[in-house]
Amino acid sequence: DRYLIYKFGEPMQLPRKEFRLFELLYNNSERFFSKPEIAEAIWHDSTVAKKRAIDVNIYNIRQLFGKRIIQSQKGKGYRMNKKILG
């Protein structure tokens, strides 16, 4: 399977977990997701929230789409900034 997201009409392939994280945040951009919620939704394992996996995936997505693509708020978590995508 290929996990593609289009940026300015150009396909960008993401690893499966990054794609699923992008998809989760994009499809629910009106709300923030805590690390435990992300860990459960993507890895089906809440202990992942205590590891760096989520931070690394967020970092990689930001590297591809710009730092402002994913908003973070202390105490709330992460959400997609759809305004950046147009």
# chains A, B, ... in the order shown; residues from 1 in each chain; ligands from 1
>>> residues_around(residues="Pro36 of chain A", least_positions_apart="4", cutoff="10 Å", atoms="only C-alpha atoms", output="NGL selection string")
:A and (40-42 or 44-50 or 54 or 77)
>>> select_by_dssp(residues="chain A", states="helix (DSSP H, G or I)", output="VMD selection string")
chain A and resid 16 to 27 35 to 43 46 to 50 53 to 65 67 to 69 82 to 85
>>> closest_residue(among="A:Val56, A:Ile70, A:Leu64, A:Ile38", to="Gln13 of chain A", atoms="only C-alpha atoms")
A:Leu64
>>> atom_distance(atom1="atom CA of Arg79 of chain A", atom2="atom CA of Phe33 of chain A")
6.4 Å
>>> select_by_dssp(residues="chain A", states="strand (DSSP E)", output="PDB file with all heavy atoms, in the first residue's frame")
ATOM      1  N   LEU A   4      -0.304   8.261   0.416  1.00  0.00           N
ATOM      2  CA  LEU A   4       0.015   9.505  -0.271  1.00  0.00           C
ATOM      3  C   LEU A   4      -0.835  10.658   0.238  1.00  0.00           C
ATOM      4  O   LEU A   4      -2.029  10.524   0.476  1.00  0.00           O
ATOM      5  CB  LEU A   4      -0.227   9.360  -1.777  1.00  0.00           C
ATOM      6  CG  LEU A   4       0.593   8.309  -2.504  1.00  0.00           C
ATOM      7  CD1 LEU A   4       0.160   8.228  -3.960  1.00  0.00           C
ATOM      8  CD2 LEU A   4       2.073   8.619  -2.405  1.00  0.00           C
ATOM      9  N   ILE A   5      -0.181  11.793   0.346  1.00  0.00           N
ATOM     10  CA  ILE A   5      -0.846  13.062   0.616  1.00  0.00           C
ATOM     11  C   ILE A   5      -0.347  14.020  -0.455  1.00  0.00           C
ATOM     12  O   ILE A   5       0.843  14.026  -0.781  1.00  0.00           O
ATOM     13  CB  ILE A   5      -0.505  13.596   2.023  1.00  0.00           C
ATOM     14  CG1 ILE A   5      -1.074  12.645   3.069  1.00  0.00           C
ATOM     15  CG2 ILE A   5      -1.060  15.004   2.215  1.00  0.00           C
ATOM     16  CD1 ILE A   5      -0.727  13.005   4.482  1.00  0.00           C
ATOM     17  N   TYR A   6      -1.244  14.798  -1.008  1.00  0.00           N
ATOM     18  CA  TYR A   6      -0.859  15.707  -2.078  1.00  0.00           C
ATOM     19  C   TYR A   6      -0.597  17.100  -1.529  1.00  0.00           C
ATOM     20  O   TYR A   6      -1.421  17.666  -0.817  1.00  0.00           O
ATOM     21  CB  TYR A   6      -1.948  15.739  -3.153  1.00  0.00           C
ATOM     22  CG  TYR A   6      -1.983  14.450  -3.931  1.00  0.00           C
ATOM     23  CD1 TYR A   6      -2.691  13.351  -3.452  1.00  0.00           C
ATOM     24  CD2 TYR A   6      -1.272  14.322  -5.106  1.00  0.00           C
ATOM     25  CE1 TYR A   6      -2.690  12.155  -4.148  1.00  0.00           C
ATOM     26  CE2 TYR A   6      -1.269  13.116  -5.813  1.00  0.00           C
ATOM     27  CZ  TYR A   6      -1.984  12.049  -5.324  1.00  0.00           C
ATOM     28  OH  TYR A   6      -1.969  10.862  -5.997  1.00  0.00           O
ATOM     29  N   LYS A   7       0.560  17.617  -1.864  1.00  0.00           N
ATOM     30  CA  LYS A   7       0.970  18.964  -1.470  1.00  0.00           C
ATOM     31  C   LYS A   7       1.190  19.752  -2.748  1.00  0.00           C
ATOM     32  O   LYS A   7       2.081  19.421  -3.527  1.00  0.00           O
ATOM     33  CB  LYS A   7       2.248  18.896  -0.634  1.00  0.00           C
ATOM     34  CG  LYS A   7       2.775  20.243  -0.200  1.00  0.00           C
ATOM     35  CD  LYS A   7       4.054  20.075   0.605  1.00  0.00           C
ATOM     36  CE  LYS A   7       4.657  21.407   0.969  1.00  0.00           C
ATOM     37  NZ  LYS A   7       5.929  21.258   1.663  1.00  0.00           N
ATOM     38  N   GLU A  10       1.404  17.702  -5.847  1.00  0.00           N
ATOM     39  CA  GLU A  10       2.477  16.708  -5.909  1.00  0.00           C
ATOM     40  C   GLU A  10       2.257  15.649  -4.831  1.00  0.00           C
ATOM     41  O   GLU A  10       2.052  15.980  -3.659  1.00  0.00           O
ATOM     42  CB  GLU A  10       3.839  17.376  -5.680  1.00  0.00           C
ATOM     43  CG  GLU A  10       4.245  18.337  -6.777  1.00  0.00           C
ATOM     44  CD  GLU A  10       4.480  17.642  -8.101  1.00  0.00           C
ATOM     45  OE1 GLU A  10       5.065  16.540  -8.120  1.00  0.00           O
ATOM     46  OE2 GLU A  10       4.049  18.200  -9.131  1.00  0.00           O
ATOM     47  N   PRO A  11       2.317  14.366  -5.209  1.00  0.00           N
ATOM     48  CA  PRO A  11       2.138  13.312  -4.205  1.00  0.00           C
ATOM     49  C   PRO A  11       3.342  13.199  -3.281  1.00  0.00           C
ATOM     50  O   PRO A  11       4.490  13.293  -3.723  1.00  0.00           O
ATOM     51  CB  PRO A  11       1.984  12.050  -5.054  1.00  0.00           C
ATOM     52  CG  PRO A  11       2.683  12.366  -6.334  1.00  0.00           C
ATOM     53  CD  PRO A  11       2.543  13.840  -6.546  1.00  0.00           C
ATOM     54  N   MET A  12       3.074  13.040  -2.015  1.00  0.00           N
ATOM     55  CA  MET A  12       4.118  12.853  -1.016  1.00  0.00           C
ATOM     56  C   MET A  12       3.774  11.570  -0.260  1.00  0.00           C
ATOM     57  O   MET A  12       2.692  11.463   0.299  1.00  0.00           O
ATOM     58  CB  MET A  12       4.174  14.033  -0.058  1.00  0.00           C
ATOM     59  CG  MET A  12       4.410  15.357  -0.760  1.00  0.00           C
ATOM     60  SD  MET A  12       4.625  16.685   0.390  1.00  0.00           S
ATOM     61  CE  MET A  12       6.300  16.362   0.869  1.00  0.00           C
ATOM     62  N   GLN A  13       4.690  10.627  -0.292  1.00  0.00           N
ATOM     63  CA  GLN A  13       4.445   9.358   0.390  1.00  0.00           C
ATOM     64  C   GLN A  13       4.929   9.442   1.825  1.00  0.00           C
ATOM     65  O   GLN A  13       6.041   9.901   2.103  1.00  0.00           O
ATOM     66  CB  GLN A  13       5.156   8.213  -0.325  1.00  0.00           C
ATOM     67  CG  GLN A  13       4.782   6.882   0.271  1.00  0.00           C
ATOM     68  CD  GLN A  13       5.184   5.727  -0.626  1.00  0.00           C
ATOM     69  OE1 GLN A  13       5.522   5.909  -1.773  1.00  0.00           O
ATOM     70  NE2 GLN A  13       5.133   4.538  -0.068  1.00  0.00           N
ATOM     71  N   ILE A  70       0.654  21.480  12.192  1.00  0.00           N
ATOM     72  CA  ILE A  70       0.082  20.852  13.386  1.00  0.00           C
ATOM     73  C   ILE A  70       0.274  21.803  14.560  1.00  0.00           C
ATOM     74  O   ILE A  70       1.399  22.170  14.878  1.00  0.00           O
ATOM     75  CB  ILE A  70       0.726  19.486  13.678  1.00  0.00           C
ATOM     76  CG1 ILE A  70       0.426  18.521  12.531  1.00  0.00           C
ATOM     77  CG2 ILE A  70       0.208  18.929  15.012  1.00  0.00           C
ATOM     78  CD1 ILE A  70       1.072  17.170  12.684  1.00  0.00           C
ATOM     79  N   GLN A  71      -0.834  22.201  15.139  1.00  0.00           N
ATOM     80  CA  GLN A  71      -0.796  23.086  16.300  1.00  0.00           C
ATOM     81  C   GLN A  71      -0.660  22.254  17.563  1.00  0.00           C
ATOM     82  O   GLN A  71      -1.225  21.163  17.647  1.00  0.00           O
ATOM     83  CB  GLN A  71      -2.079  23.912  16.391  1.00  0.00           C
ATOM     84  CG  GLN A  71      -2.329  24.802  15.214  1.00  0.00           C
ATOM     85  CD  GLN A  71      -3.706  25.439  15.272  1.00  0.00           C
ATOM     86  OE1 GLN A  71      -4.685  24.792  15.604  1.00  0.00           O
ATOM     87  NE2 GLN A  71      -3.763  26.715  14.943  1.00  0.00           N
ATOM     88  N   SER A  72       0.069  22.770  18.517  1.00  0.00           N
ATOM     89  CA  SER A  72       0.149  22.103  19.814  1.00  0.00           C
ATOM     90  C   SER A  72      -0.214  23.104  20.894  1.00  0.00           C
ATOM     91  O   SER A  72       0.076  24.290  20.777  1.00  0.00           O
ATOM     92  CB  SER A  72       1.544  21.526  20.051  1.00  0.00           C
ATOM     93  OG  SER A  72       2.514  22.526  19.953  1.00  0.00           O
ATOM     94  N   GLN A  73      -0.877  22.619  21.904  1.00  0.00           N
ATOM     95  CA  GLN A  73      -1.245  23.463  23.032  1.00  0.00           C
ATOM     96  C   GLN A  73      -1.004  22.666  24.303  1.00  0.00           C
ATOM     97  O   GLN A  73      -1.529  21.551  24.460  1.00  0.00           O
ATOM     98  CB  GLN A  73      -2.696  23.904  22.941  1.00  0.00           C
ATOM     99  CG  GLN A  73      -3.036  24.938  23.990  1.00  0.00           C
ATOM    100  CD  GLN A  73      -4.384  25.584  23.713  1.00  0.00           C
ATOM    101  OE1 GLN A  73      -5.186  25.099  22.936  1.00  0.00           O
ATOM    102  NE2 GLN A  73      -4.623  26.691  24.368  1.00  0.00           N
ATOM    103  N   GLY A  77      -2.957  19.061  23.730  1.00  0.00           N
ATOM    104  CA  GLY A  77      -2.441  18.121  22.744  1.00  0.00           C
ATOM    105  C   GLY A  77      -2.201  18.761  21.399  1.00  0.00           C
ATOM    106  O   GLY A  77      -1.752  19.898  21.299  1.00  0.00           O
ATOM    107  N   TYR A  78      -2.552  18.021  20.345  1.00  0.00           N
ATOM    108  CA  TYR A  78      -2.276  18.432  18.973  1.00  0.00           C
ATOM    109  C   TYR A  78      -3.551  18.474  18.155  1.00  0.00           C
ATOM    110  O   TYR A  78      -4.472  17.705  18.378  1.00  0.00           O
ATOM    111  CB  TYR A  78      -1.330  17.417  18.302  1.00  0.00           C
ATOM    112  CG  TYR A  78       0.000  17.287  18.972  1.00  0.00           C
ATOM    113  CD1 TYR A  78       0.260  16.241  19.843  1.00  0.00           C
ATOM    114  CD2 TYR A  78       1.016  18.198  18.718  1.00  0.00           C
ATOM    115  CE1 TYR A  78       1.491  16.101  20.455  1.00  0.00           C
ATOM    116  CE2 TYR A  78       2.257  18.077  19.319  1.00  0.00           C
ATOM    117  CZ  TYR A  78       2.488  17.025  20.186  1.00  0.00           C
ATOM    118  OH  TYR A  78       3.713  16.899  20.786  1.00  0.00           O
ATOM    119  N   ARG A  79      -3.543  19.366  17.145  1.00  0.00           N
ATOM    120  CA  ARG A  79      -4.615  19.377  16.159  1.00  0.00           C
ATOM    121  C   ARG A  79      -4.065  19.907  14.840  1.00  0.00           C
ATOM    122  O   ARG A  79      -3.060  20.616  14.800  1.00  0.00           O
ATOM    123  CB  ARG A  79      -5.827  20.172  16.615  1.00  0.00           C
ATOM    124  CG  ARG A  79      -5.683  21.670  16.531  1.00  0.00           C
ATOM    125  CD  ARG A  79      -6.993  22.335  16.863  1.00  0.00           C
ATOM    126  NE  ARG A  79      -6.801  23.774  16.860  1.00  0.00           N
ATOM    127  CZ  ARG A  79      -7.718  24.631  17.213  1.00  0.00           C
ATOM    128  NH1 ARG A  79      -8.892  24.210  17.621  1.00  0.00           N
ATOM    129  NH2 ARG A  79      -7.478  25.924  17.180  1.00  0.00           N
ATOM    130  N   MET A  80      -4.771  19.577  13.769  1.00  0.00           N
ATOM    131  CA  MET A  80      -4.375  19.992  12.435  1.00  0.00           C
ATOM    132  C   MET A  80      -4.828  21.411  12.185  1.00  0.00           C
ATOM    133  O   MET A  80      -5.948  21.788  12.551  1.00  0.00           O
ATOM    134  CB  MET A  80      -5.022  19.052  11.402  1.00  0.00           C
ATOM    135  CG  MET A  80      -4.699  19.362   9.965  1.00  0.00           C
ATOM    136  SD  MET A  80      -3.004  19.006   9.491  1.00  0.00           S
ATOM    137  CE  MET A  80      -2.921  17.244   9.718  1.00  0.00           C
TER     138      MET A  80
END
>>> residues_around(residues="Asn27 of chain A", least_positions_apart="5", cutoff="12 Å", atoms="only C-alpha atoms", output="JSON, numbers by chain")
{"A": [19, 20, 21, 22, 32, 33, 79, 80, 81, 82]}
>>> closest_residue(among="A:Tyr3, A:Glu18, A:Lys35, A:Glu23", to="Ile58 of chain A", atoms="only C-alpha atoms")
A:Glu18
>>> atom_distance(atom1="atom CA of Ala53 of chain A", atom2="atom CA of Ala39 of chain A")
9.0 Å
>>> atom_distance(atom1="atom CA of Arg2 of chain A", atom2="atom CA of Arg62 of chain A")
19.7 Å
